[in-house]
Structure formats: structure tokens, C-alpha cells
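Enquirer: Quick one: structure below, then a few questions.
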Amino acid sequence: TPGRMWPGCGGSNIVEDDLYCQPQRVCVDCGSVVSEGVLASEPVVGPVVTYSRTTAVAKKPCLQRVKAMCRILMVHREIEQLSQTYYNKAYQHESFLKVSLQKKEVLAGCCVLVSCRLLNWPITMATILCLINADPTLVGEVYQEMIKVLWWSPYLILFLFFSGRYKISSLHLPEEFAENSKDLTRCAVALVELAADSWIVTGRKPVPIIMAAVYLAWQSLRPTKQRLKTSLEKFCQIAKVNKYRPAVKRIAEIKEALCKLGKEIPWVREAVTPDNVVQHVEDILQHRYALLRRAMRTHQDALQEGRKAEQTPNSSSVKQCEPNEEGRNDVELNWGKRVLFAPPCVIRAKRRRVEQPELQDVTGDEEISDSEIDSYIRTPQEARDFALTQKISVPNNFLKHFLETTM
């Protein structure tokens, strides 16, 4: 820091240190940690610097903190770049423009936390609290506000971050497999938003969902026989990306949601199935909000008709009342079966383990009931059968004598 001197040793070689993300100044000559108030200022004569250049870094004072935290956590470069992108996106929002410097530092930590979680890097909130040395309540408030402000920006930014890896342009593939990156991005983003509206994204890792959206968008933009027959594994080989196994399940779930909306398209006469729903993706995405409202209304009407049918007394329904009682209890317990879309953890809820009674130790002093005693006493018929078997069996002495005489 030119123009400033540390009175302790008289040295002027003072540098900024980002250790543990704390703004500190250290004297290189003696190694002492100095503060702003004890530096002796001296007149500095230097070149003329414009105002815009002097305030360019001050506009984002915590961007260096993002880099410092990523270096301390030793994350890979993708997480560092993604954290900086999130911070730049959130900092430009009006919710974080006129806030204190402490909140901006907390925002930097929250951006690092979101990036690590999206890219499956093991990190906890406690680690971020140690790095930024902030109040847990404040960190929680800033984190919730950041998620509310960005909403789908983390997924969309992550999609744009990974979409560049898919080599499916005309420069890399022939015409029947190549696709325009802008059209592919537009369609894939709409599929991810539809997956969010239908609870498919909840609690899931983002990368397989992005891969499933890109694959379905690539098929729907030009639904030829070659593309429809192309499996996910072959698509990943063509696009030169690694295949994620959960992407196969995400494709099936997105197709199921598309089928529920595709059945409500009035001009489609044929039955919409997972095999042909890709051909109707463009129409579904274009009118997805209207189709979603119509599908939910149809589902509610079907539920009401089913309830009315249950309330009407019939002889057949009375006979079938007992076997259907267990299924009705399952529906009442799992509310996900009563709605059109529900979180995956509700639809496929894990069965709770039934606590079995603990086995008591048998000491031999327990009381024996009369019925148990009677079970051990032979009946007259059992006594006659047992005596008959004894007479039929060969005595051991006779067998021994027979063997001695024959030998």
C-alpha cells in the first residue's frame, strides 16, 4: 500500500490478506497485523485516475471474498465461476443494492453455498458461518431472500453453464442430428420450468434434470424416426458428454407430466402416451398454463364423481366394501394420490417400519394354561396308533441275534 507507513517498525510494505475471508492488512517487514486506524498517511503524487476507474472495484466489494472462500474450500474452478455468476446476478437486484457491507459479505457466502450444493460438493452452512464469521440468523435471512430473488436463476444459469458442453451444433454433427443452440436452450428451459411446476425438481440433483430436458428438447424440435429411436446413451455419445443414470428416471417423470397435459389438448384425437408425447411437446409448452389449469380441473371433477359413486348405496358396493377398505386407508394417508402433481417423496412414500414387540426372556417359571397342557396329552386314537407302531417295529434284540447267526 503506497503512501502509508506502519509506526511499529517504520515499514511501508503493507499488503492485504484475505485469510479466512477477513479484511486484514499485514506488514511484510515485521509480520504484524495492522488496522486502518494506525496507518500513517503521507501525500501521494501519482498519475491522474478517472472516477469510473477508482469506483469500478468498489461497486462489488465482496467479489474477492467469493474467490477467497473458494480457494480456502479448495473447490474446483466450475464452482468458483458459478459462485461469481450468482453473486453478480444477485448484486444487481434491487434487494441487495442498498444494504450494509455485512449483508453483502453474507450474500457472497450464500452464493458459494448454493453453487457447492448444485454441483454436489459436500459443504454445510456451519462451514460458511465459520468463513464469514456472521450471525446464523442473518445468514438464514439472506439465504432465503437470495433464493426468492433468484428463483429459477440458479437452475437457468447452471443450465447455460452445462449446455455449452453438448456438442450438437452443425459444426460437430451432421444435419439430421444437429440443432440450433438457441432453440434447444429455449425448449429445454421451458421443460425445466414445467418440471418445477409439477414437483419433479423438488429434492433432486439438477444435472440429471438438465440432461433429461436437453434430450427431450432435442427430440421434440425435430421428431424424426432417427431421433425418436436414439436412446439417451447414444445421445450422450453423440453430444460427447457423460451419462448420468438418474437422467433416465427424470425422462420418464417428465414424459408422465407431459402426458397429463397432452391429454387436455382439444385438437389431438389420438391417445397421448409416453411413446408419442414427444411429438406434442411444442404445443404443450406453448399452452402449458392453460393445459395445467384444465388438467387440474378435470382431475378434481373425476375425484368428485368417484366420491359420489361411493356414497350411492349398491348391493355390489356393499359386498366390495371390506376388501377396498385397506386401499381407501392408503389413499387417505398418502395425500399425493388425491392430487394431480405432488412431490416425489409423497407419491413414493417410504413405508414406515412396524415396531415389533420385544421378545421376553423365558425363565421356565411361567404359568402353563390348561389348553396348552391338553395339547401335550395324547388322545385315545393317538395312543392306539402309537402302540401299533411299537408292535410293528422290529425289536433291537431280535435284530442283533439275527445278525450274529447269519455272520
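Residues in the C-alpha cells are numbered from 1 in each chain, the chains being A, B, ... in the order shown, and ligands are numbered from 1 in the order shown.
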So that I can check the secondary structure, give me every residue of range 178-381 of chain A assigned helix (DSSP H, G or I) by backbone DSSP, as a PyMOL selection string.
Expert: chain A and resi 181-197+206-221+225-229+232-239+246-262+277-286+288-311+315-319+321-333+335-337+344-347+370-376+380-381
Enquirer: With C-alpha atoms kept, could you save the residues just selected as a tab-separated table (two decimals), in the first residue's frame?
Expert:
chain	number	residue	atom	x	y	z
A	181	SER	CA	-28.33	-23.89	-29.65
A	182	LYS	CA	-30.82	-21.03	-29.13
A	183	ASP	CA	-33.87	-23.13	-29.99
A	184	LEU	CA	-32.56	-26.01	-27.90
A	185	THR	CA	-31.95	-23.73	-24.90
A	186	ARG	CA	-35.41	-22.18	-25.18
A	187	CYS	CA	-37.19	-25.54	-25.30
A	188	ALA	CA	-35.05	-27.14	-22.59
A	189	VAL	CA	-35.58	-24.20	-20.22
A	190	ALA	CA	-39.34	-24.47	-20.73
A	191	LEU	CA	-39.18	-28.19	-19.90
A	192	VAL	CA	-37.23	-27.47	-16.72
A	193	GLU	CA	-39.84	-24.88	-15.70
A	194	LEU	CA	-42.60	-27.43	-16.37
A	195	ALA	CA	-40.71	-29.95	-14.24
A	196	ALA	CA	-40.60	-27.37	-11.46
A	197	ASP	CA	-44.35	-26.72	-11.71
A	206	PRO	CA	-30.03	-30.57	-11.05
A	207	VAL	CA	-27.60	-32.06	-13.58
A	208	PRO	CA	-29.70	-35.18	-14.44
A	209	ILE	CA	-32.80	-32.99	-14.82
A	210	ILE	CA	-30.91	-30.69	-17.20
A	211	MET	CA	-29.71	-33.71	-19.21
A	212	ALA	CA	-33.27	-35.06	-19.44
A	213	ALA	CA	-34.59	-31.67	-20.56
A	214	VAL	CA	-31.90	-31.29	-23.23
A	215	TYR	CA	-32.56	-34.81	-24.53
A	216	LEU	CA	-36.34	-34.33	-24.77
A	217	ALA	CA	-35.93	-30.87	-26.30
A	218	TRP	CA	-33.55	-32.28	-28.90
A	219	GLN	CA	-36.08	-34.97	-29.85
A	220	SER	CA	-39.11	-32.63	-29.90
A	221	LEU	CA	-37.60	-29.92	-32.10
A	225	LYS	CA	-37.53	-41.56	-36.75
A	226	GLN	CA	-33.78	-41.36	-36.23
A	227	ARG	CA	-34.09	-39.01	-33.27
A	228	LEU	CA	-37.01	-40.85	-31.68
A	229	LYS	CA	-35.10	-44.15	-31.85
A	232	LEU	CA	-30.12	-41.44	-24.03
A	233	GLU	CA	-26.86	-43.36	-24.02
A	234	LYS	CA	-26.37	-42.87	-27.75
A	235	PHE	CA	-27.34	-39.20	-27.44
A	236	CYS	CA	-24.65	-38.69	-24.79
A	237	GLN	CA	-22.12	-40.34	-27.08
A	238	ILE	CA	-23.13	-38.05	-29.94
A	239	ALA	CA	-23.04	-34.94	-27.74
A	246	PRO	CA	-30.80	-40.75	-12.76
A	247	ALA	CA	-31.50	-38.92	-16.04
A	248	VAL	CA	-33.40	-41.98	-17.31
A	249	LYS	CA	-35.88	-41.74	-14.42
A	250	ARG	CA	-36.18	-37.97	-14.87
A	251	ILE	CA	-37.05	-38.51	-18.55
A	252	ALA	CA	-39.85	-40.91	-17.58
A	253	GLU	CA	-41.20	-38.46	-14.97
A	254	ILE	CA	-41.17	-35.51	-17.38
A	255	LYS	CA	-42.91	-37.62	-20.02
A	256	GLU	CA	-45.56	-38.58	-17.47
A	257	ALA	CA	-46.20	-34.91	-16.69
A	258	LEU	CA	-46.34	-34.10	-20.41
A	259	CYS	CA	-48.90	-36.88	-20.95
A	260	LYS	CA	-51.18	-35.46	-18.26
A	261	LEU	CA	-51.17	-32.10	-20.05
A	262	GLY	CA	-51.21	-33.56	-23.57
A	277	VAL	CA	-45.83	-37.39	-26.38
A	278	VAL	CA	-42.55	-36.01	-27.77
A	279	GLN	CA	-44.37	-35.01	-30.94
A	280	HIS	CA	-46.71	-32.75	-28.93
A	281	VAL	CA	-44.08	-31.08	-26.71
A	282	GLU	CA	-44.12	-27.82	-28.65
A	283	ASP	CA	-47.92	-27.43	-28.29
A	284	ILE	CA	-47.80	-28.43	-24.62
A	285	LEU	CA	-45.09	-25.91	-23.77
A	286	GLN	CA	-46.80	-23.15	-25.73
A	288	ARG	CA	-48.84	-25.21	-20.67
A	289	TYR	CA	-50.52	-22.82	-18.22
A	290	ALA	CA	-53.96	-23.25	-19.81
A	291	LEU	CA	-53.47	-27.01	-20.09
A	292	LEU	CA	-52.31	-27.18	-16.47
A	293	ARG	CA	-55.46	-25.44	-15.23
A	294	ARG	CA	-57.64	-27.64	-17.42
A	295	ALA	CA	-55.91	-30.84	-16.27
A	296	MET	CA	-56.31	-29.92	-12.61
A	297	ARG	CA	-60.00	-29.11	-13.15
A	298	THR	CA	-60.55	-32.46	-14.89
A	299	HIS	CA	-58.78	-34.27	-12.08
A	300	GLN	CA	-60.93	-32.57	-9.44
A	301	ASP	CA	-64.12	-33.44	-11.36
A	302	ALA	CA	-63.06	-37.08	-11.56
A	303	LEU	CA	-62.44	-37.18	-7.81
A	304	GLN	CA	-65.87	-35.70	-7.08
A	305	GLU	CA	-67.56	-38.24	-9.34
A	306	GLY	CA	-65.71	-41.05	-7.58
A	307	ARG	CA	-66.86	-39.77	-4.18
A	308	LYS	CA	-70.47	-39.55	-5.36
A	309	ALA	CA	-70.27	-43.12	-6.67
A	310	GLU	CA	-69.01	-44.30	-3.29
A	311	GLN	CA	-71.82	-42.54	-1.44
A	315	SER	CA	-75.51	-54.21	-3.37
A	316	SER	CA	-72.25	-54.74	-5.24
A	317	SER	CA	-70.57	-51.84	-3.43
A	318	VAL	CA	-71.65	-53.24	-0.06
A	319	LYS	CA	-70.07	-56.58	-0.89
A	321	CYS	CA	-66.68	-52.61	0.91
A	322	GLU	CA	-64.50	-54.79	3.06
A	323	PRO	CA	-61.69	-55.58	0.55
A	324	ASN	CA	-61.43	-51.93	-0.57
A	325	GLU	CA	-61.13	-50.63	2.98
A	326	GLU	CA	-57.35	-51.10	3.04
A	327	GLY	CA	-56.86	-49.27	-0.29
A	328	ARG	CA	-59.05	-46.40	0.93
A	329	ASN	CA	-56.91	-46.04	4.03
A	330	ASP	CA	-53.78	-45.88	1.88
A	331	VAL	CA	-55.29	-43.06	-0.19
A	332	GLU	CA	-56.29	-41.15	2.92
A	333	LEU	CA	-52.81	-41.48	4.41
A	335	TRP	CA	-52.47	-37.29	0.01
A	336	GLY	CA	-50.23	-37.35	-3.07
A	337	LYS	CA	-52.63	-39.83	-4.71
A	344	PRO	CA	-41.79	-37.38	-5.28
A	345	CYS	CA	-41.34	-38.06	-1.56
A	346	VAL	CA	-45.14	-38.01	-1.15
A	347	ILE	CA	-46.02	-40.09	-4.21
A	370	ASP	CA	-54.90	-75.81	30.74
A	371	SER	CA	-55.36	-75.67	26.99
A	372	GLU	CA	-51.62	-75.93	26.46
A	373	ILE	CA	-51.42	-78.91	28.84
A	374	ASP	CA	-54.24	-80.66	26.97
A	375	SER	CA	-52.32	-80.23	23.70
A	376	TYR	CA	-49.49	-82.37	25.10
A	380	PRO	CA	-57.18	-92.39	22.71
A	381	GLN	CA	-56.75	-92.74	18.95
Enquirer: Check the smallest atom-to-atom distance from each of A:Ile168, A:Val28, A:Asn133, A:Gly109 to Met146 in chain A using only C-alpha atoms, then report the winner.
Expert: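 Comparing A:Ile168, A:Val28, A:Asn133, A:Gly109 against Met146 in chain A, the winner is A:Gly109.
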Enquirer: Nearest residue to Leu131 in chain A out of A:Ile147, A:Leu97, A:Val112, A:Met69, using only C-alpha atoms?
Expert: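 The shortest atom-to-atom distance to Leu131 in chain A comes from A:Met69.
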Enquirer: DSSP on the backbone: which residues in range 31-278 of chain A end up as strand (DSSP E or B)? Give the answer as an MDAnalysis selection string.
Expert: chainID A and resid 33:34 40:41
Enquirer: Name the closest residue to Pro122 in chain A among the candidates A:Ala178, A:Leu73, A:Ala342, A:Val66; distances are taken between atoms, counting only C-alpha atoms.
Expert: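 Smallest separation from Pro122 in chain A among the options: A:Leu73.
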Enquirer: Report as a PyMOL selection string all protein, DNA and RNA residues lying within 7 Å of Ala108 in chain A, evaluated on only C-alpha atoms, omitting residues in the same chain fewer than 5 positions from it.
Expert: chain A and resi 62+65-66+87
Enquirer: Using C-alpha atoms, can you write the selected residues to a file as a PDB file, in the first residue's frame?
Expert:
ATOM      1  CA  CYS A  62     -17.231  -8.781  -1.863  1.00  0.00           C
ATOM      2  CA  ARG A  65     -14.423 -12.678  -0.894  1.00  0.00           C
ATOM      3  CA  VAL A  66     -16.124 -15.185  -3.184  1.00  0.00           C
ATOM      4  CA  TYR A  87     -23.090 -13.061  -6.918  1.00  0.00           C
TER       5      TYR A  87
END
Enquirer: What does the distance from CA of His93 in chain A to CA of Leu107 in chain A come to in Å, to one decimal?
Expert: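 The value is 12.0 Å.
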Enquirer: Can you tell me how far CA of Tyr166 in chain A sits from CA of Thr230 in chain A, in Å to one decimal?
Expert: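 If I compute the distance from CA of Tyr166 in chain A to CA of Thr230 in chain A, I get 15.7 Å.
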Enquirer: Extract, using only C-alpha atoms, all DNA, RNA and protein residues at most 12 Å from Asn120 in chain A, discarding same-chain residues fewer than 5 positions from it, and format them as a PyMOL selection string.
Expert: chain A and resi 75-76+78-79+113-115+204-208
Enquirer: Could you write out the selected residues, including C-alpha atoms, as a PDB file, in the first residue's frame?
Expert:
ATOM      1  CA  VAL A  75     -13.290 -26.332  -4.761  1.00  0.00           C
ATOM      2  CA  HIS A  76     -12.802 -26.826  -8.471  1.00  0.00           C
ATOM      3  CA  GLU A  78     -16.535 -24.637 -12.071  1.00  0.00           C
ATOM      4  CA  ILE A  79     -17.890 -23.895  -8.587  1.00  0.00           C
ATOM      5  CA  LEU A 113     -23.101 -22.464  -0.612  1.00  0.00           C
ATOM      6  CA  VAL A 114     -25.691 -22.674  -3.413  1.00  0.00           C
ATOM      7  CA  SER A 115     -23.023 -23.388  -6.037  1.00  0.00           C
ATOM      8  CA  ARG A 204     -33.461 -33.800  -6.964  1.00  0.00           C
ATOM      9  CA  LYS A 205     -29.973 -33.173  -8.280  1.00  0.00           C
ATOM     10  CA  PRO A 206     -30.033 -30.566 -11.054  1.00  0.00           C
ATOM     11  CA  VAL A 207     -27.602 -32.064 -13.580  1.00  0.00           C
ATOM     12  CA  PRO A 208     -29.705 -35.183 -14.441  1.00  0.00           C
TER      13      PRO A 208
END
Enquirer: Could you pull the residues within 9 Å of Lys89 in chain A, counting only C-alpha atoms, minus those fewer than 4 positions along the same chain, as number ranges by chain?
Expert: A: 84-85, 93, 150, 153
Enquirer: What's the 12 Å shell around range 138-144 of chain A, counting only C-alpha atoms, without same-chain residues fewer than 6 positions away, as a VMD selection string?
Expert: chain A and resid 90 95 to 96 99 to 100 102 to 114 125 to 132 150 to 151
Enquirer: Find the residues around Cys30 in chain A up to 9 Å (only C-alpha atoms counted), leave out those fewer than 2 positions away in its own chain, and share them as number ranges by chain.
Expert: A: 8-9, 11, 26-28, 32
